[in-house]
$ cat my_file.txt   # compact mmCIF, C-alpha atoms
# COMPACT_ATOMS: atom_id res chain seq x y z
CA MET Z 11 -83.49 20.02 43.32
CA GLU Z 12 -83.37 17.62 40.37
CA LEU Z 13 -86.59 15.65 39.97
CA PRO Z 14 -87.14 12.12 38.70
CA ASN Z 15 -88.54 12.04 35.17
CA ARG Z 16 -89.57 9.71 32.36
CA SER Z 17 -87.14 10.81 29.67
CA TYR Z 18 -85.07 7.59 29.68
CA ILE Z 19 -88.12 5.35 30.09
CA ASP Z 20 -89.89 7.08 27.18
CA SER Z 21 -86.87 6.80 24.90
CA LEU Z 22 -86.55 3.13 25.78
CA CYS Z 23 -90.23 2.22 25.40
CA ARG Z 24 -90.95 4.36 22.32
CA GLY Z 25 -94.69 4.05 22.80
CA ASP Z 26 -94.64 0.31 23.50
CA LYS Z 27 -97.22 0.40 26.31
CA ALA Z 28 -97.02 -3.29 27.13
CA PHE Z 29 -93.26 -3.12 27.60
CA GLU Z 30 -93.57 0.10 29.60
CA GLU Z 31 -95.99 -1.59 31.97
CA ARG Z 32 -93.67 -4.57 32.41
CA LEU Z 33 -90.71 -2.30 33.03
CA LEU Z 34 -92.51 -0.18 35.61
CA THR Z 35 -93.79 -3.27 37.39
CA VAL Z 36 -90.26 -4.67 37.64
CA ILE Z 37 -88.82 -1.35 38.83
CA LYS Z 38 -91.61 -0.91 41.41
CA THR Z 39 -90.93 -4.41 42.73
CA GLU Z 40 -87.17 -4.25 42.68
CA PHE Z 41 -86.55 -0.72 43.94
CA PRO Z 42 -88.08 -1.14 47.45
CA SER Z 43 -86.10 -4.33 48.05
CA GLU Z 44 -82.84 -2.71 46.88
CA LYS Z 45 -83.59 0.21 49.19
CA GLU Z 46 -84.20 -2.21 52.05
CA VAL Z 47 -80.87 -3.93 51.41
CA TYR Z 48 -79.18 -0.51 51.60
CA TYR Z 49 -80.80 0.47 54.92
CA ASN Z 50 -80.16 -2.96 56.44
CA ALA Z 51 -76.50 -2.82 55.44
CA LEU Z 52 -76.32 0.68 56.93
CA LYS Z 53 -77.78 -0.61 60.20
CA ALA Z 54 -75.29 -3.50 60.22
CA LYS Z 55 -72.49 -1.04 59.38
CA ASN Z 56 -71.27 -3.42 56.71
CA LEU Z 57 -69.28 -1.10 54.45
CA GLU Z 58 -68.96 -3.49 51.53
CA GLU Z 59 -72.66 -4.27 51.51
CA ILE Z 60 -73.58 -0.59 51.75
CA ALA Z 61 -71.35 0.24 48.78
CA GLU Z 62 -72.76 -2.72 46.84
CA ALA Z 63 -76.34 -1.59 47.56
CA VAL Z 64 -75.58 1.98 46.45
CA HIS Z 65 -73.96 0.60 43.32
CA LYS Z 66 -77.09 -1.32 42.45
CA LEU Z 67 -79.39 1.63 43.19
CA LYS Z 68 -77.37 3.80 40.80
CA HIS Z 69 -78.97 2.05 37.84
CA LYS Z 70 -82.50 2.89 39.02
CA ILE Z 71 -81.41 6.46 39.69
CA SER Z 72 -80.23 6.79 36.11
CA ILE Z 73 -83.35 5.11 34.71
CA LEU Z 74 -85.41 7.80 36.43
CA GLY Z 75 -83.37 10.46 34.65
CA LEU Z 76 -81.49 11.74 37.70
CA GLU Z 77 -78.15 12.63 36.16
CA LYS Z 78 -76.87 14.70 39.08
CA GLY Z 79 -78.25 12.11 41.46
CA TYR Z 80 -76.27 9.43 39.63
CA ALA Z 81 -73.05 11.43 39.97
CA LEU Z 82 -73.70 11.95 43.67
CA ALA Z 83 -74.42 8.25 44.19
CA ALA Z 84 -71.20 7.33 42.37
CA GLN Z 85 -69.22 9.67 44.63
CA TYR Z 86 -70.97 8.33 47.74
CA GLU Z 87 -70.25 4.74 46.64
CA ASN Z 88 -66.54 5.52 46.37
CA GLU Z 89 -66.45 7.25 49.75
CA ILE Z 90 -68.21 4.50 51.70
CA LEU Z 91 -65.22 2.19 51.83
CA ASP Z 92 -63.24 5.06 53.38
CA GLU Z 93 -66.02 5.30 55.99
CA ASN Z 94 -67.00 8.69 54.65
CA PHE Z 95 -70.77 9.16 54.87
CA ASP Z 96 -70.89 12.88 54.04
CA HIS Z 97 -73.25 12.24 51.13
CA SER Z 98 -75.57 9.79 52.84
CA GLN Z 99 -78.33 12.31 53.56
CA SER Z 100 -78.35 13.70 50.01
CA PHE Z 101 -78.37 10.15 48.67
CA GLU Z 102 -81.27 9.13 50.87
CA LYS Z 103 -83.21 12.24 49.77
CA ILE Z 104 -82.82 11.00 46.20
CA LEU Z 105 -84.23 7.63 47.25
CA ASP Z 106 -87.19 9.36 48.89
CA SER Z 107 -87.95 11.42 45.81
CA MET Z 108 -87.79 8.27 43.68
CA THR Z 109 -90.14 6.47 46.05
CA GLU Z 110 -92.68 9.28 45.76
CA TYR Z 111 -92.29 9.51 42.00
CA LEU Z 112 -92.79 5.79 41.44
CA LYS Z 113 -96.13 6.06 43.26
CA THR Z 114 -97.30 8.41 40.52
CA LEU Z 115 -96.45 6.06 37.65
CA MET R 13 -76.61 -14.78 16.84
CA LYS R 14 -77.56 -16.72 19.98
CA CYS R 15 -77.09 -14.90 23.28
CA ILE R 16 -77.75 -15.12 26.99
CA ILE R 17 -78.08 -12.39 29.60
CA ILE R 18 -76.48 -12.63 33.04
CA ASP R 19 -77.43 -9.90 35.49
CA ASP R 20 -78.69 -10.09 39.05
CA GLU R 21 -80.97 -7.10 38.41
CA ALA R 22 -84.31 -7.91 36.76
CA THR R 23 -84.68 -4.36 35.42
CA ALA R 24 -81.32 -4.62 33.64
CA ARG R 25 -82.22 -8.02 32.14
CA LEU R 26 -85.52 -6.64 30.87
CA ILE R 27 -83.86 -3.60 29.23
CA ILE R 28 -81.16 -5.70 27.54
CA SER R 29 -83.77 -8.17 26.37
CA LYS R 30 -85.85 -5.29 24.93
CA TYR R 31 -82.89 -3.95 22.96
CA CYS R 32 -82.07 -7.46 21.74
CA SER R 33 -85.63 -7.96 20.48
CA ASP R 34 -85.18 -4.91 18.24
CA VAL R 35 -82.11 -6.43 16.53
CA LYS R 36 -82.85 -8.80 13.64
CA GLY R 37 -81.16 -12.17 14.03
CA LEU R 38 -80.28 -11.71 17.68
CA ASN R 39 -82.01 -14.30 19.85
CA VAL R 40 -81.99 -14.32 23.63
CA LEU R 41 -81.95 -17.99 24.61
CA GLU R 42 -81.94 -17.58 28.37
CA GLU R 43 -81.63 -15.03 31.16
CA PHE R 44 -79.83 -15.70 34.43
CA SER R 45 -79.80 -13.79 37.70
CA ASN R 46 -76.51 -15.38 38.75
CA ALA R 47 -73.32 -16.62 37.13
CA ILE R 48 -73.45 -20.14 38.59
CA ASP R 49 -76.70 -21.03 36.81
CA ALA R 50 -75.30 -19.58 33.60
CA MET R 51 -72.20 -21.77 33.91
CA LYS R 52 -74.36 -24.88 34.26
CA TYR R 53 -76.26 -23.82 31.13
CA LEU R 54 -73.07 -23.24 29.16
CA ASN R 55 -71.83 -26.71 30.06
CA GLN R 56 -74.57 -28.10 27.86
CA ASN R 57 -75.29 -25.33 25.37
CA THR R 58 -73.31 -23.07 23.09
CA VAL R 59 -73.97 -19.40 22.54
CA ASP R 60 -72.37 -16.71 20.39
CA LEU R 61 -72.65 -13.85 22.84
CA ILE R 62 -73.08 -13.16 26.54
CA PHE R 63 -74.32 -9.93 28.09
CA LEU R 64 -72.59 -10.02 31.42
CA ASP R 65 -72.95 -7.82 34.47
CA ILE R 66 -69.78 -7.38 36.52
CA HIS R 67 -71.17 -6.63 39.96
CA MET R 68 -73.02 -9.70 41.11
CA PRO R 69 -73.08 -11.12 44.60
CA GLY R 70 -70.75 -14.04 45.31
CA PHE R 71 -69.43 -14.77 41.85
CA ASN R 72 -68.84 -11.66 39.77
CA GLY R 73 -68.58 -11.25 36.00
CA ILE R 74 -64.78 -11.32 35.88
CA ASP R 75 -64.68 -14.51 38.01
CA PHE R 76 -67.17 -15.97 35.54
CA ILE R 77 -65.00 -15.20 32.49
CA GLN R 78 -61.94 -16.63 34.20
CA THR R 79 -63.79 -19.83 35.04
CA ILE R 80 -65.53 -20.83 31.83
CA LYS R 81 -63.69 -22.76 29.14
CA ASP R 82 -63.44 -21.05 25.73
CA PRO R 83 -65.71 -18.14 26.59
CA PRO R 84 -67.79 -16.82 23.68
CA ASN R 85 -67.94 -13.10 22.90
CA VAL R 86 -68.87 -11.07 25.94
CA ILE R 87 -70.40 -7.61 26.21
CA LEU R 88 -70.00 -6.32 29.74
CA THR R 89 -72.88 -4.31 31.13
CA THR R 90 -72.20 -2.39 34.30
CA SER R 91 -72.66 0.84 36.22
CA ASP R 92 -68.97 0.82 37.04
CA PRO R 93 -66.63 2.48 34.51
CA ASN R 94 -63.62 1.53 36.65
CA PHE R 95 -63.50 -1.98 35.23
CA ALA R 96 -63.07 -0.83 31.62
CA ILE R 97 -59.28 -1.17 31.48
CA GLU R 98 -59.24 -4.57 33.18
CA ALA R 99 -62.06 -5.72 30.89
CA PHE R 100 -60.03 -5.44 27.72
CA GLU R 101 -57.37 -7.73 29.11
CA TYR R 102 -59.74 -10.54 28.19
CA GLU R 103 -59.85 -11.41 24.50
CA CYS R 104 -63.47 -12.52 24.67
CA ILE R 105 -64.72 -9.10 25.80
CA VAL R 106 -65.80 -7.22 22.70
CA ASP R 107 -67.35 -4.19 24.37
CA TYR R 108 -68.19 -2.54 27.64
CA LEU R 109 -71.57 -0.85 28.13
CA ILE R 110 -72.27 1.54 30.96
CA LYS R 111 -75.78 1.46 32.43
CA PRO R 112 -78.26 2.87 31.65
CA LEU R 113 -77.90 1.43 28.17
CA THR R 114 -78.75 3.56 25.17
CA GLU R 115 -79.86 2.25 21.81
CA ASP R 116 -77.00 3.77 19.78
CA ARG R 117 -74.35 2.38 22.06
CA PHE R 118 -76.07 -0.98 22.22
CA ILE R 119 -76.15 -1.28 18.41
CA LYS R 120 -72.46 -0.37 18.24
CA ALA R 121 -71.65 -3.16 20.70
CA ILE R 122 -73.73 -5.67 18.72
CA ASN R 123 -71.89 -4.69 15.53
CA LYS R 124 -68.56 -5.25 17.27
CA ALA R 125 -69.69 -8.66 18.47
CA SER R 126 -70.99 -9.54 15.03
CA ASN R 127 -67.67 -8.55 13.41
CA SER R 128 -65.76 -10.57 15.96
CA ILE R 129 -67.93 -13.63 15.30
CA SER R 130 -67.45 -13.28 11.51
CA ALA R 131 -63.68 -13.00 11.94
CA THR R 132 -63.61 -16.12 14.10
CA GLN R 133 -65.71 -18.03 11.54
CA LYS R 134 -63.35 -16.99 8.74
CA GLU R 135 -60.39 -18.22 10.76
CA THR R 136 -62.13 -21.54 11.44
CA ASN R 137 -63.03 -21.97 7.76
CA SER R 138 -59.50 -21.25 6.59
CA SER R 139 -57.99 -23.67 9.11
CA LYS R 140 -60.50 -26.29 7.96
CA LYS R 141 -59.42 -25.64 4.36
CA GLU R 142 -55.78 -25.96 5.33
CA SER R 143 -56.41 -29.26 7.04
CA THR R 144 -58.15 -30.60 3.91
CA GLU R 145 -55.18 -29.50 1.81
CA ASP R 146 -52.85 -31.44 4.10
CA VAL R 147 -54.52 -34.72 3.23
CA LEU R 148 -53.94 -37.10 0.32
CA TYR R 149 -56.25 -39.98 -0.60
CA VAL R 150 -54.71 -43.00 -2.32
CA ASN R 151 -56.46 -45.91 -3.98
CA ILE R 152 -55.36 -49.23 -2.50
CA ASP R 153 -57.39 -52.37 -3.23
CA ARG R 154 -60.40 -50.26 -4.27
CA ARG R 155 -60.31 -48.38 -1.00
CA LEU R 156 -59.48 -44.70 -0.70
CA ILE R 157 -57.03 -44.41 2.13
CA LYS R 158 -56.31 -41.09 3.77
CA ILE R 159 -52.68 -40.14 4.27
CA ASP R 160 -51.63 -37.12 6.25
CA MET R 161 -49.13 -35.44 3.90
CA PRO R 162 -46.82 -33.96 6.56
CA SER R 163 -46.29 -37.51 7.84
CA ILE R 164 -44.84 -38.65 4.49
CA TYR R 165 -41.06 -38.62 4.52
CA LEU R 166 -40.24 -40.50 1.33
CA VAL R 167 -41.86 -41.59 -1.94
CA GLU R 168 -40.00 -44.17 -4.00
CA ALA R 169 -40.75 -45.23 -7.58
CA LYS R 170 -41.05 -49.00 -8.01
CA GLY R 171 -41.90 -49.77 -11.63
CA ASP R 172 -45.61 -49.15 -12.16
CA TYR R 173 -46.01 -48.48 -8.43
CA ILE R 174 -44.79 -46.03 -5.86
CA MET R 175 -44.02 -46.71 -2.22
CA ILE R 176 -45.18 -43.97 0.12
CA LYS R 177 -43.35 -44.09 3.43
CA THR R 178 -44.88 -42.32 6.42
CA GLU R 179 -44.02 -42.04 10.11
CA THR R 180 -46.31 -44.94 10.90
CA LYS R 181 -46.89 -47.02 7.79
CA ASN R 182 -45.77 -47.67 4.21
CA TYR R 183 -48.19 -47.81 1.27
CA ILE R 184 -47.72 -49.36 -2.17
CA VAL R 185 -49.87 -47.50 -4.68
CA HIS R 186 -50.37 -47.98 -8.40
CA SER R 187 -49.20 -44.57 -9.59
CA THR R 188 -46.19 -42.62 -10.79
CA LEU R 189 -43.71 -40.37 -9.05
CA LYS R 190 -44.69 -37.55 -11.40
CA LYS R 191 -48.34 -37.80 -10.38
CA ILE R 192 -47.72 -37.74 -6.66
CA GLU R 193 -45.11 -35.02 -7.04
CA GLY R 194 -47.87 -32.81 -8.44
CA LYS R 195 -50.03 -33.45 -5.38
CA LEU R 196 -47.41 -32.86 -2.69
CA PRO R 197 -46.69 -29.29 -1.52
CA ASP R 198 -43.62 -27.84 -3.28
CA HIS R 199 -42.34 -26.07 -0.20
CA THR R 200 -41.91 -29.35 1.70
CA PHE R 201 -41.27 -32.04 -0.91
CA LEU R 202 -38.48 -32.27 -3.46
CA LYS R 203 -37.55 -34.78 -6.15
CA VAL R 204 -33.88 -35.51 -5.45
CA HIS R 205 -33.52 -38.41 -7.86
CA ARG R 206 -35.56 -39.87 -10.73
CA SER R 207 -36.83 -42.53 -8.28
CA TYR R 208 -37.19 -40.51 -5.07
CA VAL R 209 -39.21 -37.61 -3.71
CA ILE R 210 -38.30 -36.64 -0.15
CA ASN R 211 -39.80 -34.50 2.57
CA VAL R 212 -37.00 -31.97 3.04
CA SER R 213 -38.02 -31.21 6.64
CA LYS R 214 -37.30 -34.86 7.59
CA ILE R 215 -33.68 -34.94 6.41
CA ILE R 216 -31.29 -36.02 9.15
CA ASP R 217 -28.02 -35.42 7.31
CA ILE R 218 -26.45 -35.09 3.88
CA GLU R 219 -23.20 -36.71 2.88
CA ASP R 220 -21.69 -36.42 -0.59
CA ASN R 221 -24.50 -37.37 -2.94
CA CYS R 222 -26.80 -39.02 -0.42
CA VAL R 223 -29.30 -37.87 2.18
CA LEU R 224 -30.22 -39.76 5.31
CA ILE R 225 -33.92 -39.56 5.91
CA LYS R 226 -35.24 -41.65 8.78
CA LYS R 227 -33.32 -44.88 8.25
CA ASP R 228 -33.19 -44.62 4.47
CA ILE R 229 -30.14 -43.48 2.56
CA ILE R 230 -31.35 -41.82 -0.62
CA PRO R 231 -29.18 -40.91 -3.60
CA VAL R 232 -29.26 -37.32 -4.83
CA SER R 233 -28.67 -36.89 -8.53
CA ARG R 234 -26.07 -34.37 -9.61
CA SER R 235 -28.65 -32.22 -11.39
CA ASN R 236 -30.95 -32.04 -8.30
CA ARG R 237 -28.25 -31.38 -5.72
CA PRO R 238 -28.07 -27.56 -6.26
CA ILE R 239 -31.86 -27.28 -5.81
CA LEU R 240 -31.67 -29.31 -2.61
CA MET R 241 -28.83 -27.19 -1.25
CA LYS R 242 -30.82 -24.02 -1.97
CA ARG R 243 -33.72 -25.36 0.06
CA LEU R 244 -31.58 -25.95 3.13
CA ASN R 245 -31.06 -23.37 5.80
CA LEU R 246 -27.27 -23.45 5.59
CA LEU R 247 -25.05 -21.71 8.11
$ encode --input "my_file.txt" --output "structure tokens"
Amino acid sequence: MELPNRSYIDSLCRGDKAFEERLLTVIKTEFPSEKEVYYNALKAKNLEEIAEAVHKLKHKISILGLEKGYALAAQYENEILDENFDHSQSFEKILDSMTEYLKTL
Amino acid sequence: MKCIIIDDEATARLIISKYCSDVKGLNVLEEFSNAIDAMKYLNQNTVDLIFLDIHMPGFNGIDFIQTIKDPPNVILTTSDPNFAIEAFEYECIVDYLIKPLTEDRFIKAINKASNSISATQKETNSSKKESTEDVLYVNIDRRLIKIDMPSIYLVEAKGDYIMIKTETKNYIVHSTLKKIEGKLPDHTFLKVHRSYVINVSKIIDIEDNCVLIKKDIIPVSRSNRPILMKRLNLL
């Protein structure tokens, strides 16, 4: 399975430690709330909100270097409005791996 | 180049702002997490460039562009490539960046925006120049009075003076027909008689050796008639 990594963050920060710290702080704050929005929308079965939440999470997925994860999220986002949740479990596994990875940063 | 960033995601705003700080001469004036606040800001401030996210709750990026008056250059930033075709229907959109942004692509977008701004400035400068060229200043009673040249329909020699007739007012100026003839644009004005220069575009009709221009009947000398006829769009 593809693992989250720092390749994008490193290329963006280019050794600027202060910026890296700011970026990680913002991601660590924003990611849990975006995740919460996704699960709440899922509970409420609000298709538009679920798709919107997945859309927003895609950016964080790409920032953590998950290229395949990004493609899967994009596919899942498109399928949601057709009430197709085939990729929900794989998507949520990606979220879990990101959650664990962010704890290490 | 003055810019603002509109994105509901703080991470995205931070990344854009970081790339902007690496570009000389590009200043981020403000960041907004929603389009409504940005609109209020733009009502009182001008910017050269907007980094605009498309997917925002309530009021999205496209709604924003459609709502603001005379939008400046816009670089769209989004995770959704599906909007690309629609995006270029708007003249103000100079580029479309897919998240996550990369430095190379960001620089390319900035260059496009910069070229677009330069082109607009050139256009503005040339239209300013044209408007200056359309104006004539005449000395009347020690005052320089501005006359809009396209509004002149007739200039008549009156001894040491000339009478300049415009749509709204007539002016008597101490000058000669030859002098003013040199100042008026050749493509619009023509000397039809030793005492008259007319604005050809204001002619109402021509009969024998006279033209009717506004309410004035002006003689056309035999030698000038062929030149006048050449200037007319004859059927």
$ closest_atom_pairs --input "my_file.txt" --of "chain R" --to "chain Z" --cutoff "12 Å" --atoms "only C-alpha atoms" --output "JSON lines"
{"residue": "R:Asp19", "atom": "CA", "partner": "Z:Lys66", "partner_atom": "CA", "distance": 11.1}
{"residue": "R:Asp20", "atom": "CA", "partner": "Z:Lys66", "partner_atom": "CA", "distance": 9.5}
{"residue": "R:Glu21", "atom": "CA", "partner": "Z:Lys66", "partner_atom": "CA", "distance": 8.0}
{"residue": "R:Ala22", "atom": "CA", "partner": "Z:Val36", "partner_atom": "CA", "distance": 6.8}
{"residue": "R:Thr23", "atom": "CA", "partner": "Z:Val36", "partner_atom": "CA", "distance": 6.0}
{"residue": "R:Ala24", "atom": "CA", "partner": "Z:His69", "partner_atom": "CA", "distance": 8.2}
{"residue": "R:Arg25", "atom": "CA", "partner": "Z:Leu33", "partner_atom": "CA", "distance": 10.3}
{"residue": "R:Leu26", "atom": "CA", "partner": "Z:Leu33", "partner_atom": "CA", "distance": 7.1}
{"residue": "R:Ile27", "atom": "CA", "partner": "Z:Leu33", "partner_atom": "CA", "distance": 7.9}
{"residue": "R:Ile28", "atom": "CA", "partner": "Z:Leu22", "partner_atom": "CA", "distance": 10.5}
{"residue": "R:Ser29", "atom": "CA", "partner": "Z:Phe29", "partner_atom": "CA", "distance": 10.8}
{"residue": "R:Lys30", "atom": "CA", "partner": "Z:Phe29", "partner_atom": "CA", "distance": 8.2}
{"residue": "R:Tyr31", "atom": "CA", "partner": "Z:Leu22", "partner_atom": "CA", "distance": 8.5}
{"residue": "R:Ser33", "atom": "CA", "partner": "Z:Phe29", "partner_atom": "CA", "distance": 11.5}
{"residue": "R:Asp34", "atom": "CA", "partner": "Z:Leu22", "partner_atom": "CA", "distance": 11.1}
{"residue": "R:Asp65", "atom": "CA", "partner": "Z:Lys66", "partner_atom": "CA", "distance": 11.1}
{"residue": "R:Ile66", "atom": "CA", "partner": "Z:Lys66", "partner_atom": "CA", "distance": 11.2}
{"residue": "R:His67", "atom": "CA", "partner": "Z:Glu62", "partner_atom": "CA", "distance": 8.1}
{"residue": "R:Met68", "atom": "CA", "partner": "Z:Glu62", "partner_atom": "CA", "distance": 9.0}
{"residue": "R:Pro69", "atom": "CA", "partner": "Z:Glu62", "partner_atom": "CA", "distance": 8.7}
{"residue": "R:Gly70", "atom": "CA", "partner": "Z:Glu62", "partner_atom": "CA", "distance": 11.6}
{"residue": "R:Thr89", "atom": "CA", "partner": "Z:His69", "partner_atom": "CA", "distance": 11.1}
{"residue": "R:Thr90", "atom": "CA", "partner": "Z:His69", "partner_atom": "CA", "distance": 8.8}
{"residue": "R:Ser91", "atom": "CA", "partner": "Z:His69", "partner_atom": "CA", "distance": 6.6}
{"residue": "R:Asp92", "atom": "CA", "partner": "Z:His65", "partner_atom": "CA", "distance": 8.0}
{"residue": "R:Pro93", "atom": "CA", "partner": "Z:Ala84", "partner_atom": "CA", "distance": 10.3}
{"residue": "R:Asn94", "atom": "CA", "partner": "Z:Asn88", "partner_atom": "CA", "distance": 10.9}
{"residue": "R:Ile110", "atom": "CA", "partner": "Z:His69", "partner_atom": "CA", "distance": 9.6}
{"residue": "R:Lys111", "atom": "CA", "partner": "Z:His69", "partner_atom": "CA", "distance": 6.3}
{"residue": "R:Pro112", "atom": "CA", "partner": "Z:Ser72", "partner_atom": "CA", "distance": 6.3}
{"residue": "R:Leu113", "atom": "CA", "partner": "Z:Leu22", "partner_atom": "CA", "distance": 9.1}
{"residue": "R:Thr114", "atom": "CA", "partner": "Z:Leu22", "partner_atom": "CA", "distance": 7.8}
{"residue": "R:Glu115", "atom": "CA", "partner": "Z:Leu22", "partner_atom": "CA", "distance": 7.8}
{"residue": "R:Asp116", "atom": "CA", "partner": "Z:Leu22", "partner_atom": "CA", "distance": 11.3}
{"residue": "R:Phe118", "atom": "CA", "partner": "Z:Leu22", "partner_atom": "CA", "distance": 11.8}
$ closest_residue --input "my_file.txt" --among "R:Thr200, R:Ser187, R:Leu88, R:Val150" --to "Phe100 in chain R" --atoms "only C-alpha atoms"
R:Leu88
$ atom_distance --input "my_file.txt" --atom1 "CA of Asp106 in chain Z" --atom2 "CA of Leu76 in chain Z"
12.8 Å
$ residues_around --input "my_file.txt" --residues "Tyr49 in chain Z" --least-positions-apart "2" --cutoff "12 Å" --atoms "all atoms listed in the file" --output "count of residues only"
24
$ atom_distance --input "my_file.txt" --atom1 "CA of Tyr48 in chain Z" --atom2 "CA of Glu87 in chain Z"
11.5 Å
$ residues_around --input "my_file.txt" --residues "Ser207 in chain R" --least-positions-apart "6" --cutoff "8 Å" --atoms "only C-alpha atoms" --output "PyMOL selection string"
chain R and resi 168-170+189
$ closest_residue --input "my_file.txt" --among "R:Asn46, R:Gln56, R:Asn151, R:Thr136" --to "Asp75 in chain R" --atoms "all atoms listed in the file"
R:Asn46
$ residues_around --input "my_file.txt" --residues "range 121-132 of chain R" --least-positions-apart "6" --cutoff "8 Å" --atoms "all atoms listed in the file" --output "PyMOL selection string"
chain R and resi 13+60-61+85-87+106-109
$ atom_distance --input "my_file.txt" --atom1 "CA of His186 in chain R" --atom2 "CA of Ile239 in chain R"
27.9 Å
$ residues_around --input "my_file.txt" --residues "Leu224 in chain R" --least-positions-apart "4" --cutoff "12 Å" --atoms "only C-alpha atoms" --output "list of chain:residue names"
R:Tyr165, R:Leu166, R:Ile210, R:Asn211, R:Val212, R:Ser213, R:Lys214, R:Ile215, R:Ile216, R:Asp217, R:Ile218, R:Glu219, R:Asp220, R:Asp228, R:Ile229, R:Ile230, R:Pro231, R:Val232
$ decode --input "my_file.txt" --residues "range 70-88 of chain Z" --atoms "N, CA and C atoms" --output "short mmCIF file (atom, residue, chain, number, x, y, z; two decimals), in the first residue's frame"
data_model
loop_
_atom_site.label_atom_id
_atom_site.label_comp_id
_atom_site.auth_asym_id
_atom_site.auth_seq_id
_atom_site.Cartn_x
_atom_site.Cartn_y
_atom_site.Cartn_z
N LYS Z 70 -5.10 17.59 0.68
CA LYS Z 70 -4.21 17.09 1.75
C LYS Z 70 -3.59 15.76 1.33
N ILE Z 71 -4.37 14.95 0.64
CA ILE Z 71 -3.86 13.65 0.19
C ILE Z 71 -2.66 13.87 -0.74
N SER Z 72 -2.81 14.84 -1.63
CA SER Z 72 -1.71 15.10 -2.57
C SER Z 72 -0.51 15.74 -1.88
N ILE Z 73 -0.78 16.58 -0.88
CA ILE Z 73 0.33 17.21 -0.15
C ILE Z 73 1.17 16.13 0.56
N LEU Z 74 0.51 15.08 1.00
CA LEU Z 74 1.25 14.00 1.67
C LEU Z 74 1.75 12.96 0.67
N GLY Z 75 1.86 13.35 -0.57
CA GLY Z 75 2.53 12.55 -1.60
C GLY Z 75 1.81 11.29 -2.03
N LEU Z 76 0.51 11.21 -1.75
CA LEU Z 76 -0.24 9.98 -2.09
C LEU Z 76 -0.85 10.10 -3.49
N GLU Z 77 -0.07 9.79 -4.48
CA GLU Z 77 -0.54 9.98 -5.87
C GLU Z 77 -1.68 9.02 -6.22
N LYS Z 78 -1.50 7.75 -5.84
CA LYS Z 78 -2.57 6.78 -6.13
C LYS Z 78 -3.79 7.10 -5.28
N GLY Z 79 -3.53 7.52 -4.07
CA GLY Z 79 -4.61 7.88 -3.16
C GLY Z 79 -5.43 9.04 -3.73
N TYR Z 80 -4.73 9.98 -4.36
CA TYR Z 80 -5.40 11.13 -4.96
C TYR Z 80 -6.31 10.67 -6.10
N ALA Z 81 -5.79 9.76 -6.92
CA ALA Z 81 -6.59 9.25 -8.06
C ALA Z 81 -7.83 8.52 -7.54
N LEU Z 82 -7.63 7.75 -6.48
CA LEU Z 82 -8.77 7.01 -5.91
C LEU Z 82 -9.82 7.98 -5.34
N ALA Z 83 -9.33 9.00 -4.64
CA ALA Z 83 -10.25 9.99 -4.07
C ALA Z 83 -11.03 10.71 -5.16
N ALA Z 84 -10.34 11.02 -6.27
CA ALA Z 84 -11.01 11.71 -7.38
C ALA Z 84 -12.12 10.83 -7.97
N GLN Z 85 -11.81 9.53 -8.08
CA GLN Z 85 -12.81 8.59 -8.62
C GLN Z 85 -14.00 8.48 -7.65
N TYR Z 86 -13.66 8.35 -6.37
CA TYR Z 86 -14.70 8.25 -5.33
C TYR Z 86 -15.59 9.50 -5.35
N GLU Z 87 -14.97 10.67 -5.46
CA GLU Z 87 -15.72 11.94 -5.49
C GLU Z 87 -16.74 11.93 -6.64
N ASN Z 88 -16.30 11.45 -7.79
CA ASN Z 88 -17.21 11.42 -8.95
C ASN Z 88 -18.35 10.43 -8.78
#
